[in-house]
Amino acid sequence: MHRIHCPWCGLRDHDEFTLWGDASRAFPALDAPREDWVRAVYDRANPRGETQEFFQHTLGCRRWLVVTRNNVTHEVLSVVPAHERRAAAASPEIQA
């Protein structure tokens with residue numbers, strides 16, 4: 001069982017959380033061309049190792065978190081409230 005430390009609720013089982021996706025991704029401006037938005041929404045990198053992901057504490061306080069973890073070992077490296085996140089310096093081009 002993996003454990004995630006919620007800043008508001010404390011250490012909890014991962015079953016209480018819902019994974020919502022990549023938190024390091026940068027999105028284009030709202031007035032960007034449609035192709036930029038299609039690429040941003042549908043093209044996905046599949047990195048191995050350290051990742052930043054959005055989680056919601058759905059069976060607890062329902063707050064949004066950014067969990068930095070190793071997706072190979074599942075080790076949780078850090079947890080911060082989503083409003084305090086710093087997006088990783090990601091290239092706008094997705095590398096396959």
# chains A, B, ... in the order shown; residues from 1 in each chain; ligands from 1
>>> residues_around(residues="A:Arg48", least_positions_apart="5", cutoff="12 Å", atoms="only C-alpha atoms", output="list in words")
Arg69, Asn70, Asn71, Val72, Thr73 and His74 of chain A
>>> select_by_dssp(residues="chain A", states="alpha helix (DSSP H)", output="PyMOL selection string")
chain A and resi 34-42
>>> atom_distance(atom1="atom CA of A:Pro47", atom2="atom CA of A:Phe17")
21.5 Å
>>> closest_residue(among="A:Gly60, A:Val38, A:Val66, A:Asn46", to="A:Gly10", atoms="only C-alpha atoms")
A:Gly60
>>> residues_around(residues="stretch 1-9 of chain A", least_positions_apart="2", cutoff="8 Å", atoms="only C-alpha atoms", output="PyMOL selection string")
chain A and resi 11-14+57+60-61+65+74+76+79-81
>>> write_last_selection(atoms="N, CA, C and O atoms", output="mmCIF file, in the first residue's frame")
data_model
loop_
_atom_site.group_PDB
_atom_site.id
_atom_site.type_symbol
_atom_site.label_atom_id
_atom_site.label_comp_id
_atom_site.auth_asym_id
_atom_site.auth_seq_id
_atom_site.Cartn_x
_atom_site.Cartn_y
_atom_site.Cartn_z
ATOM 1 N N LEU A 11 -0.935 11.592 6.751
ATOM 2 C CA LEU A 11 -0.560 10.429 5.954
ATOM 3 C C LEU A 11 -1.789 9.547 5.708
ATOM 4 O O LEU A 11 -2.480 9.153 6.642
ATOM 5 N N ARG A 12 -2.060 9.266 4.420
ATOM 6 C CA ARG A 12 -3.240 8.491 4.035
ATOM 7 C C ARG A 12 -2.885 7.442 2.989
ATOM 8 O O ARG A 12 -1.916 7.576 2.256
ATOM 9 N N ASP A 13 -3.710 6.397 2.897
ATOM 10 C CA ASP A 13 -3.546 5.380 1.854
ATOM 11 C C ASP A 13 -3.820 5.998 0.495
ATOM 12 O O ASP A 13 -4.677 6.881 0.358
ATOM 13 N N HIS A 14 -3.142 5.519 -0.540
ATOM 14 C CA HIS A 14 -3.308 6.078 -1.879
ATOM 15 C C HIS A 14 -4.722 5.859 -2.427
ATOM 16 O O HIS A 14 -5.151 6.570 -3.322
ATOM 17 N N HIS A 57 -7.642 14.629 -3.279
ATOM 18 C CA HIS A 57 -7.922 13.806 -2.104
ATOM 19 C C HIS A 57 -9.438 13.590 -2.034
ATOM 20 O O HIS A 57 -10.138 14.169 -1.210
ATOM 21 N N GLY A 60 -11.150 12.386 1.204
ATOM 22 C CA GLY A 60 -10.731 13.152 2.380
ATOM 23 C C GLY A 60 -11.214 14.587 2.243
ATOM 24 O O GLY A 60 -12.404 14.845 2.060
ATOM 25 N N CYS A 61 -10.286 15.497 2.242
ATOM 26 C CA CYS A 61 -10.598 16.932 2.221
ATOM 27 C C CYS A 61 -10.990 17.448 0.839
ATOM 28 O O CYS A 61 -11.425 18.582 0.715
ATOM 29 N N LEU A 65 -3.687 18.359 -5.027
ATOM 30 C CA LEU A 65 -2.278 18.293 -4.659
ATOM 31 C C LEU A 65 -1.441 18.054 -5.910
ATOM 32 O O LEU A 65 -1.934 17.515 -6.902
ATOM 33 N N HIS A 74 7.516 4.060 -7.453
ATOM 34 C CA HIS A 74 6.328 4.588 -6.772
ATOM 35 C C HIS A 74 6.670 5.338 -5.487
ATOM 36 O O HIS A 74 5.779 5.614 -4.682
ATOM 37 N N VAL A 76 7.112 8.353 -3.225
ATOM 38 C CA VAL A 76 6.607 9.717 -3.198
ATOM 39 C C VAL A 76 7.734 10.617 -2.703
ATOM 40 O O VAL A 76 8.256 10.430 -1.607
ATOM 41 N N VAL A 79 4.927 16.369 -1.757
ATOM 42 C CA VAL A 79 3.512 16.673 -1.948
ATOM 43 C C VAL A 79 3.320 18.139 -1.592
ATOM 44 O O VAL A 79 3.736 18.573 -0.516
ATOM 45 N N VAL A 80 2.711 18.901 -2.516
ATOM 46 C CA VAL A 80 2.420 20.310 -2.250
ATOM 47 C C VAL A 80 0.992 20.607 -2.687
ATOM 48 O O VAL A 80 0.468 19.953 -3.594
ATOM 49 N N PRO A 81 0.350 21.587 -2.048
ATOM 50 C CA PRO A 81 -0.963 22.009 -2.533
ATOM 51 C C PRO A 81 -0.840 22.475 -3.987
ATOM 52 O O PRO A 81 0.149 23.096 -4.369
#
>>> select_by_dssp(residues="stretch 8-68 of chain A", states="strand (DSSP E or B)", output="MDAnalysis selection string")
chainID A and resid 10:13 18:22 50:56 64:68
>>> residues_around(residues="stretch 51-55 of chain A", least_positions_apart="3", cutoff="6 Å", atoms="only C-alpha atoms", output="ChimeraX atom specification")
/A:18-24,64-69
>>> write_last_selection(atoms="C-alpha atoms", output="PDB file, in the first residue's frame")
ATOM      1  CA  THR A  18      -7.644  10.195  -7.558  1.00  0.00           C
ATOM      2  CA  LEU A  19      -4.902  10.721 -10.131  1.00  0.00           C
ATOM      3  CA  TRP A  20      -5.757  13.468 -12.637  1.00  0.00           C
ATOM      4  CA  GLY A  21      -2.639  13.606 -14.801  1.00  0.00           C
ATOM      5  CA  ASP A  22       0.557  15.461 -15.575  1.00  0.00           C
ATOM      6  CA  ALA A  23       1.153  18.564 -13.456  1.00  0.00           C
ATOM      7  CA  SER A  24       4.327  19.650 -15.245  1.00  0.00           C
ATOM      8  CA  TRP A  64      -5.929  19.253  -5.086  1.00  0.00           C
ATOM      9  CA  LEU A  65      -2.278  18.293  -4.659  1.00  0.00           C
ATOM     10  CA  VAL A  66       0.798  18.017  -6.836  1.00  0.00           C
ATOM     11  CA  VAL A  67       2.636  14.807  -6.003  1.00  0.00           C
ATOM     12  CA  THR A  68       6.195  14.393  -7.224  1.00  0.00           C
ATOM     13  CA  ARG A  69       6.959  10.710  -7.402  1.00  0.00           C
TER      14      ARG A  69
END
